[in-house]
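Asker: You'll find input31.txt just under this line, and it carries compact mmCIF, C-alpha atoms.
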```txt
# COMPACT_ATOMS: atom_id res chain seq x y z
CA MET A 264 13.32 4.04 -16.54
CA SER A 265 11.11 6.72 -14.99
CA PRO A 266 9.43 5.89 -11.67
CA ARG A 267 5.83 4.75 -11.80
CA VAL A 268 3.25 7.20 -10.46
CA ALA A 269 0.13 6.66 -8.34
CA VAL A 270 -2.72 8.59 -6.78
CA VAL A 271 -4.00 7.08 -3.51
CA THR A 272 -7.12 8.25 -1.68
CA GLY A 273 -7.83 7.68 2.00
CA ALA A 274 -4.12 8.11 2.52
CA ALA A 275 -3.76 9.76 5.93
CA ARG A 276 -3.85 6.55 7.96
CA GLY A 277 -4.69 2.86 7.94
CA ILE A 278 -4.47 0.81 4.76
CA GLY A 279 -4.27 3.90 2.53
CA ALA A 280 -1.21 5.20 4.38
CA ALA A 281 0.38 1.75 4.28
CA VAL A 282 -0.14 1.64 0.50
CA VAL A 283 1.51 5.04 0.07
CA GLY A 284 4.46 4.01 2.22
CA ARG A 285 5.02 0.73 0.41
CA LEU A 286 4.75 2.28 -3.04
CA ALA A 287 7.20 5.02 -2.07
CA HIS A 288 9.57 2.42 -0.65
CA GLU A 289 9.40 0.59 -3.98
CA GLY A 290 10.41 3.75 -5.84
CA TRP A 291 7.01 5.07 -6.89
CA ARG A 292 5.98 8.71 -6.91
CA VAL A 293 2.67 9.18 -5.12
CA VAL A 294 0.02 11.85 -4.69
CA ALA A 295 -1.57 11.04 -1.32
CA VAL A 296 -5.13 12.32 -0.91
CA ASP A 297 -7.30 12.53 2.19
CA VAL A 298 -10.17 14.68 3.43
CA CYS A 299 -8.28 15.29 6.71
CA ALA A 300 -11.43 16.25 8.58
CA ASP A 301 -14.02 14.62 10.78
CA LEU A 302 -17.30 14.22 8.93
CA PRO A 303 -20.61 14.34 10.85
CA GLU A 304 -21.93 11.51 8.68
CA ALA A 305 -19.14 9.21 9.85
CA GLY A 306 -19.55 9.75 13.59
CA TYR A 307 -15.98 8.87 14.54
CA PRO A 308 -12.52 10.53 14.14
CA LEU A 309 -10.97 10.29 10.67
CA GLY A 310 -7.40 10.88 9.54
CA THR A 311 -5.85 14.27 10.24
CA ARG A 312 -3.90 16.88 8.31
CA GLU A 313 -0.94 16.19 10.56
CA GLN A 314 -0.95 12.47 9.71
CA LEU A 315 -1.07 13.15 5.99
CA ALA A 316 1.69 15.76 6.21
CA ALA A 317 3.87 13.39 8.24
CA LEU A 318 3.42 10.69 5.61
CA ALA A 319 4.59 13.06 2.87
CA ALA A 320 7.47 14.31 5.03
CA ALA A 321 8.69 10.73 5.47
CA TRP A 322 9.17 10.50 1.69
CA PRO A 323 10.44 13.93 0.58
CA GLY A 324 10.21 14.39 -3.16
CA ALA A 325 8.39 11.09 -3.61
CA VAL A 326 5.02 11.80 -1.93
CA LEU A 327 2.86 14.90 -2.35
CA ASP A 328 -0.02 15.40 0.07
CA VAL A 329 -3.37 16.78 -1.10
CA VAL A 330 -6.35 17.57 1.11
CA ALA A 331 -9.52 16.70 -0.83
CA ASP A 332 -12.91 15.07 -0.38
CA VAL A 333 -13.40 12.15 -2.77
CA ARG A 334 -17.02 13.24 -3.22
CA ASP A 335 -15.65 16.31 -5.00
CA ALA A 336 -14.93 15.15 -8.55
CA GLY A 337 -13.12 18.38 -9.39
CA ALA A 338 -10.75 17.95 -6.45
CA LEU A 339 -9.80 14.46 -7.61
CA SER A 340 -9.26 15.72 -11.16
CA ALA A 341 -6.91 18.32 -9.69
CA ALA A 342 -5.01 15.63 -7.77
CA VAL A 343 -4.58 13.60 -10.95
CA ALA A 344 -3.46 16.71 -12.82
CA LEU A 345 -0.88 17.34 -10.08
CA ALA A 346 0.49 13.82 -10.52
CA GLU A 347 0.82 14.35 -14.27
CA ARG A 348 2.35 17.80 -13.89
CA GLU A 349 4.84 17.02 -11.12
CA PHE A 350 5.65 13.38 -11.86
CA GLY A 351 5.02 13.10 -15.59
CA GLY A 352 1.96 10.88 -15.80
CA LEU A 353 -0.14 8.31 -13.98
CA ASP A 354 0.27 4.52 -13.76
CA ALA A 355 -2.04 3.55 -10.90
CA ALA A 356 -5.04 4.89 -9.02
CA VAL A 357 -5.91 3.39 -5.65
CA ALA A 358 -9.32 4.13 -4.14
CA ALA A 359 -8.91 3.46 -0.42
CA ALA A 360 -11.15 6.19 1.03
CA ALA A 361 -14.19 4.87 2.90
CA VAL A 362 -16.10 5.14 6.14
CA ILE A 363 -18.13 2.69 8.17
CA ALA A 364 -21.58 3.28 9.60
CA GLY A 365 -24.31 1.07 10.98
CA GLY A 366 -24.86 -0.68 14.27
CA ARG A 367 -28.63 -0.95 13.83
CA PRO A 368 -31.01 -2.89 11.59
CA LEU A 369 -31.32 -1.76 8.01
CA TRP A 370 -34.90 -0.55 8.47
CA GLU A 371 -33.75 1.82 11.20
CA SER A 372 -30.91 3.34 9.16
CA GLY A 373 -31.24 6.92 7.94
CA ASP A 374 -30.33 8.84 4.82
CA ASP A 375 -27.25 10.42 6.42
CA GLU A 376 -25.76 6.97 7.02
CA TRP A 377 -26.39 5.90 3.43
CA GLU A 378 -25.04 9.16 2.04
CA ALA A 379 -21.79 8.64 3.93
CA LEU A 380 -21.42 5.00 2.90
CA PHE A 381 -22.28 5.47 -0.76
CA GLY A 382 -21.06 9.03 -1.21
CA ILE A 383 -17.57 8.34 0.07
CA GLY A 384 -17.25 4.61 -0.44
CA VAL A 385 -18.85 4.27 -3.89
CA ARG A 386 -19.18 7.65 -5.56
CA GLY A 387 -15.66 8.44 -4.35
CA VAL A 388 -14.37 5.34 -6.16
CA ALA A 389 -16.26 6.30 -9.31
CA ASN A 390 -14.91 9.86 -9.11
CA LEU A 391 -11.36 8.56 -8.92
CA ALA A 392 -12.00 6.31 -11.92
CA ARG A 393 -13.47 9.19 -13.92
CA ALA A 394 -10.47 11.37 -13.10
CA GLY A 395 -7.77 8.71 -13.19
CA VAL A 396 -8.60 6.44 -16.11
CA PRO A 397 -8.20 9.15 -18.77
CA ALA A 398 -4.75 9.87 -17.34
CA LEU A 399 -3.90 6.16 -17.36
CA LEU A 400 -4.99 6.07 -21.01
CA ARG A 401 -2.71 9.00 -21.82
CA ARG A 402 0.27 6.72 -21.24
CA PRO A 403 1.50 5.39 -24.60
CA ARG A 404 1.03 1.76 -25.53
CA PRO A 405 2.05 -0.77 -24.40
CA ARG A 406 0.42 0.36 -21.13
CA SER A 407 0.35 -1.27 -17.72
CA GLY A 408 -2.06 1.05 -15.91
CA ARG A 409 -3.83 -0.15 -12.79
CA PHE A 410 -7.03 0.84 -11.00
CA VAL A 411 -7.39 -0.77 -7.56
CA ALA A 412 -10.29 -0.21 -5.17
CA LEU A 413 -10.62 -1.30 -1.54
CA ALA A 414 -13.75 -3.36 -1.02
CA SER A 415 -14.24 -5.48 2.11
CA ALA A 416 -15.03 -8.96 3.33
CA ALA A 417 -18.44 -7.39 4.05
CA ALA A 418 -19.02 -7.30 0.28
CA HIS A 419 -19.08 -11.09 0.22
CA ARG A 420 -20.80 -12.05 3.46
CA GLY A 421 -23.71 -10.50 5.31
CA LEU A 422 -22.65 -8.91 8.58
CA TRP A 423 -25.01 -8.19 11.45
CA ARG A 424 -26.25 -4.59 11.45
CA LEU A 425 -23.90 -3.57 8.65
CA ALA A 426 -26.24 -4.06 5.69
CA GLY A 427 -25.56 -0.59 4.31
CA TYR A 428 -21.81 -1.00 4.56
CA GLY A 429 -22.01 -4.40 2.88
CA ALA A 430 -24.17 -2.96 0.11
CA ALA A 431 -21.70 -0.15 -0.51
CA LYS A 432 -18.74 -2.51 -0.67
CA HIS A 433 -20.67 -4.90 -2.92
CA ALA A 434 -21.24 -1.89 -5.19
CA VAL A 435 -17.47 -1.31 -5.29
CA VAL A 436 -16.97 -4.87 -6.53
CA GLY A 437 -19.62 -4.38 -9.22
CA LEU A 438 -18.05 -1.08 -10.25
CA VAL A 439 -14.64 -2.69 -10.62
CA ARG A 440 -16.00 -5.54 -12.71
CA GLY A 441 -17.80 -3.15 -15.03
CA LEU A 442 -14.76 -0.89 -15.27
CA ALA A 443 -12.58 -3.86 -16.20
CA ALA A 444 -14.97 -4.63 -19.06
CA ASP A 445 -14.82 -1.02 -20.22
CA LEU A 446 -11.00 -1.18 -20.17
CA ARG A 447 -10.87 -4.22 -22.45
CA ASP A 448 -7.76 -4.29 -24.63
CA THR A 449 -6.33 -1.03 -23.26
CA GLY A 450 -3.50 -2.50 -21.19
CA ILE A 451 -5.17 -1.14 -18.05
CA THR A 452 -6.67 -3.43 -15.42
CA ALA A 453 -9.24 -2.88 -12.68
CA THR A 454 -9.27 -4.98 -9.53
CA ALA A 455 -10.51 -4.87 -5.94
CA VAL A 456 -9.00 -5.97 -2.64
CA SER A 457 -11.32 -7.15 0.12
CA PRO A 458 -9.62 -6.95 3.53
CA GLY A 459 -10.77 -8.73 6.63
CA SER A 460 -10.56 -7.23 10.11
CA THR A 461 -7.48 -5.03 9.99
CA ARG A 462 -5.98 -3.06 12.85
CA THR A 463 -7.11 0.43 11.79
CA GLY A 464 -9.17 3.34 13.06
CA MET A 465 -12.11 1.98 11.08
CA LEU A 466 -11.94 -1.28 13.01
CA ASP A 467 -12.05 0.72 16.26
CA ALA A 468 -15.19 2.38 14.93
CA SER A 469 -16.63 -1.03 14.03
CA ALA A 470 -16.06 -2.24 17.56
CA ALA A 471 -17.87 0.82 18.89
CA LEU A 472 -20.85 0.10 16.61
CA TYR A 473 -21.09 -3.37 18.17
CA GLY A 474 -20.51 -2.12 21.71
CA LEU A 475 -17.23 -4.04 21.98
CA THR A 476 -14.48 -2.83 24.30
CA ASP A 477 -11.72 -4.79 22.59
CA VAL A 478 -11.13 -5.06 18.83
CA GLU A 479 -9.43 -8.41 19.40
CA GLU A 480 -12.93 -9.91 19.48
CA PHE A 481 -12.89 -9.70 15.67
CA ALA A 482 -9.81 -11.92 15.43
CA ARG A 483 -11.71 -15.09 16.29
CA HIS A 484 -13.69 -14.82 13.04
CA GLN A 485 -10.56 -15.12 10.89
CA PRO A 486 -8.83 -18.47 10.35
CA VAL A 487 -5.43 -16.83 10.75
CA GLY A 488 -6.44 -16.31 14.37
CA ARG A 489 -5.45 -12.66 14.60
CA LEU A 490 -6.16 -9.21 13.25
CA LEU A 491 -4.40 -8.21 10.06
CA ARG A 492 -1.89 -5.38 9.85
CA PRO A 493 -2.48 -2.59 7.32
CA GLU A 494 0.85 -3.44 5.75
CA GLU A 495 -0.35 -6.96 4.92
CA VAL A 496 -3.32 -5.65 2.97
CA ALA A 497 -1.15 -2.98 1.38
CA ALA A 498 1.16 -5.69 0.07
CA ALA A 499 -1.73 -7.13 -1.96
CA VAL A 500 -2.80 -3.69 -3.20
CA CYS A 501 0.72 -2.73 -4.25
CA TRP A 502 1.28 -6.01 -6.07
CA LEU A 503 -1.89 -5.33 -8.05
CA CYS A 504 -0.48 -1.89 -8.90
CA GLY A 505 2.60 -3.48 -10.42
CA GLU A 506 3.23 -4.73 -13.92
CA GLU A 507 3.41 -8.37 -12.80
CA SER A 508 -0.32 -8.43 -11.99
CA SER A 509 -1.24 -8.17 -15.66
CA ALA A 510 -3.28 -11.41 -15.68
CA LEU A 511 -5.77 -10.08 -13.14
CA THR A 512 -8.66 -7.79 -14.04
CA GLY A 513 -12.31 -7.60 -13.04
CA THR A 514 -11.65 -9.71 -9.96
CA VAL A 515 -11.23 -9.49 -6.19
CA VAL A 516 -8.22 -10.44 -4.11
CA HIS A 517 -9.41 -11.60 -0.69
CA ALA A 518 -6.77 -10.30 1.74
CA ASP A 519 -9.04 -11.23 4.63
CA GLY A 520 -7.17 -13.70 6.79
CA GLY A 521 -9.49 -16.42 5.52
CA PHE A 522 -12.69 -14.73 6.76
CA THR A 523 -14.63 -15.59 3.62
CA ALA A 524 -13.06 -19.02 3.13
```
Show me this structure written as structure tokens.

Answerer:
Amino acid sequence: MSPRVAVVTGAARGIGAAVVGRLAHEGWRVVAVDVCADLPEAGYPLGTREQLAALAAAWPGAVLDVVADVRDAGALSAAVALAEREFGGLDAAVAAAAVIAGGRPLWESGDDEWEALFGIGVRGVANLARAGVPALLRRPRPRSGRFVALASAAAHRGLWRLAGYGAAKHAVVGLVRGLAADLRDTGITATAVSPGSTRTGMLDASAALYGLTDVEEFARHQPVGRLLRPEEVAAAVCWLCGEESSALTGTVVHADGGFTA
């Protein structure tokens, strides 16, 4: 049987990189996408070209690296076309690209902050769906295509001075639910994963927004009593990408260490 194929955005580091690594380890072929540049709207360092290249080099022949901004619909269409051309099709699309911004009350937030949160974290998800779902539908029936988006525990609970981020992640959940309805009876599912505080560069940025010197402060808000590892969240994402997750669509898996319990 031919290997299953995925496109993963936000792949240079953090949860996205962990998803790529786990899928590749499980025999998938993956197109790993990341902007690989610091964006003024984000205000903190993002993943680098070197990180994305190293990820692909760790899985020669199984992972192709593509530098692209998820706000560029044409670039994501090209990444999907690459997956179909080089690997023969598409079986899963994982939208992991996002940024965090905030640290002040909603009424003091500016348009740049909202453009970053919604442009990357919501429109980027929609762009991947627009590019990826037609490719998923090109697989012959019976299909087992998967669309998985990274939401956040912030989508389900209000967090101090992160109203914009919570709104963007809530929008991701709504998008996934609507997409699942659109995919009715196609064999393709749409789900979201909402992580809790996970040891990533984004969590470092979150700590900076709150003026914290130690990210471990976030651990006390999770019943597991610790920060999560990217690989733990990736395990949930990759299971949803697999054929055994066929009963789940239009729903959220809370890989949050119990934060929203």

Asker: Find the spatial neighbours of region 328-334 of chain A, counting all atoms listed in the file, within a cut-off of 7 Å - ignore same-chain residues fewer than 4 positions away - and output them as JSON, numbers by chain.

Answerer: {"A": [294, 295, 296, 297, 298, 299, 315, 316, 319, 338, 339, 342, 382, 383, 386, 387, 390]}

Asker: Distance cut-off 12 Å, centre (-22.4, 5.6, 13.8) in file coordinates, counting all atoms listed in the file: which residues qualify? Return them as number ranges by chain.

Answerer: A: 302-308, 362-367, 372-373, 375-377, 379-380, 424-425, 427-428, 465, 467-474

Asker: Restricting the calculation to only C-alpha atoms: of A:Ala418, A:Val271, A:Ala455, A:Val357, which residue gets closest to Ala431 (chain A)?

Answerer: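 For Ala431 (chain A), the nearest of the given residues is A:Ala418.
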
Asker: Pick the closest to Arg401 (chain A) from A:Val516, A:Glu479, A:Glu495, A:Gly352: which is it, counting only C-alpha atoms?

Answerer: A:Gly352

Asker: As JSON, what would the box around region 273-287 of chain A look like: edges along x, y and z, 8 Å added on every side, centre and edge lengths in Å to one decimal?

Answerer:
```
{"center_x": -0.3, "center_y": 5.2, "center_z": 2.5, "size_x": 31.0, "size_y": 25.0, "size_z": 27.0}
```

Asker: Work out how far apart CA of Arg409 (chain A) and CA of Ala356 (chain A) are and give it in Å to one decimal.

Answerer: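 Pair CA of Arg409 (chain A) / CA of Ala356 (chain A) returns 6.4 Å.
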
Asker: Could you pull the residues within 12 Å of Pro397 (chain A), counting only C-alpha atoms, minus those fewer than 2 positions along the same chain, as a list in words?

Answerer: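 The contact residues come out as Ser340, Val343, Ala344, Glu347, Gly352, Leu353, Asp354, Ala355, Ala356, Asn390, Leu391, Ala392, Arg393, Ala394, Gly395, Leu399, Leu400, Arg401, Arg402, Pro403, Gly408, Arg409, Phe410, Leu446, Thr449 and Ile451 of chain A.
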
Asker: Taking all atoms listed in the file into account, name the residue in A:Ala453, A:Ala416, A:Ala426, A:Leu491 that is nearest to Phe522 (chain A).

Answerer: A:Ala416

Asker: Go ahead and compute the interatomic distance for CA of Gly421 (chain A) and CA of Pro458 (chain A), in Å to one decimal.

Answerer: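 According to the coordinates, CA of Gly421 (chain A) and CA of Pro458 (chain A) are separated by 14.6 Å.
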
Asker: May I ask for the distance between CA of Asp448 (chain A) and CA of Thr512 (chain A), given in Å to one decimal place?

Answerer: 11.2 Å

Asker: Env of Trp291 (chain A): 8 Å cut, atoms = only C-alpha atoms, seq-sep filter 3 positions within chain, self excluded. Answer as a ChimeraX atom specification.

Answerer: /A:266-269,286-288,325

Asker: Near Ala482 (chain A), counting all atoms listed in the file, which residues have an atom at most 9 Å away, once you skip same-chain residues fewer than 6 positions from it, shown as number ranges by chain?

Answerer: A: 460, 488-491

Asker: Save out the residues we just selected, C-alpha atoms, as a compact mmCIF listing (two decimals), keeping the file's coordinate frame.

Answerer:
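again_1.txt was written with the following content:
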```
# COMPACT_ATOMS: atom_id res chain seq x y z
CA SER A 460 -10.56 -7.23 10.11
CA GLY A 488 -6.44 -16.31 14.37
CA ARG A 489 -5.45 -12.66 14.60
CA LEU A 490 -6.16 -9.21 13.25
CA LEU A 491 -4.40 -8.21 10.06
```

Asker: Might you pull out every residue within 7 Å of Gly450 (chain A), with all atoms listed in the file counted and same-chain residues fewer than 5 positions away left off, and present them as a ChimeraX atom specification?

Answerer: /A:405-408

Asker: Which of these residues is nearest to Ala389 (chain A), using only C-alpha atoms: A:Gly437, A:Glu507, A:Ser415, A:Pro368?

Answerer: A:Gly437

Asker: Considering all atoms listed in the file, state which residue in the set A:Trp370, A:Thr463, A:Val388, A:Gly290 is at the smallest distance from Asp335 (chain A).

Answerer: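 Distance minimum relative to Asp335 (chain A) lands on A:Val388.
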
Asker: Determine the nearest neighbour of Ala280 (chain A) from the options A:Ala360, A:Ala430, A:Ala346, A:Ala443, counting only C-alpha atoms.

Answerer: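 Closest to Ala280 (chain A) of all the choices is A:Ala360.
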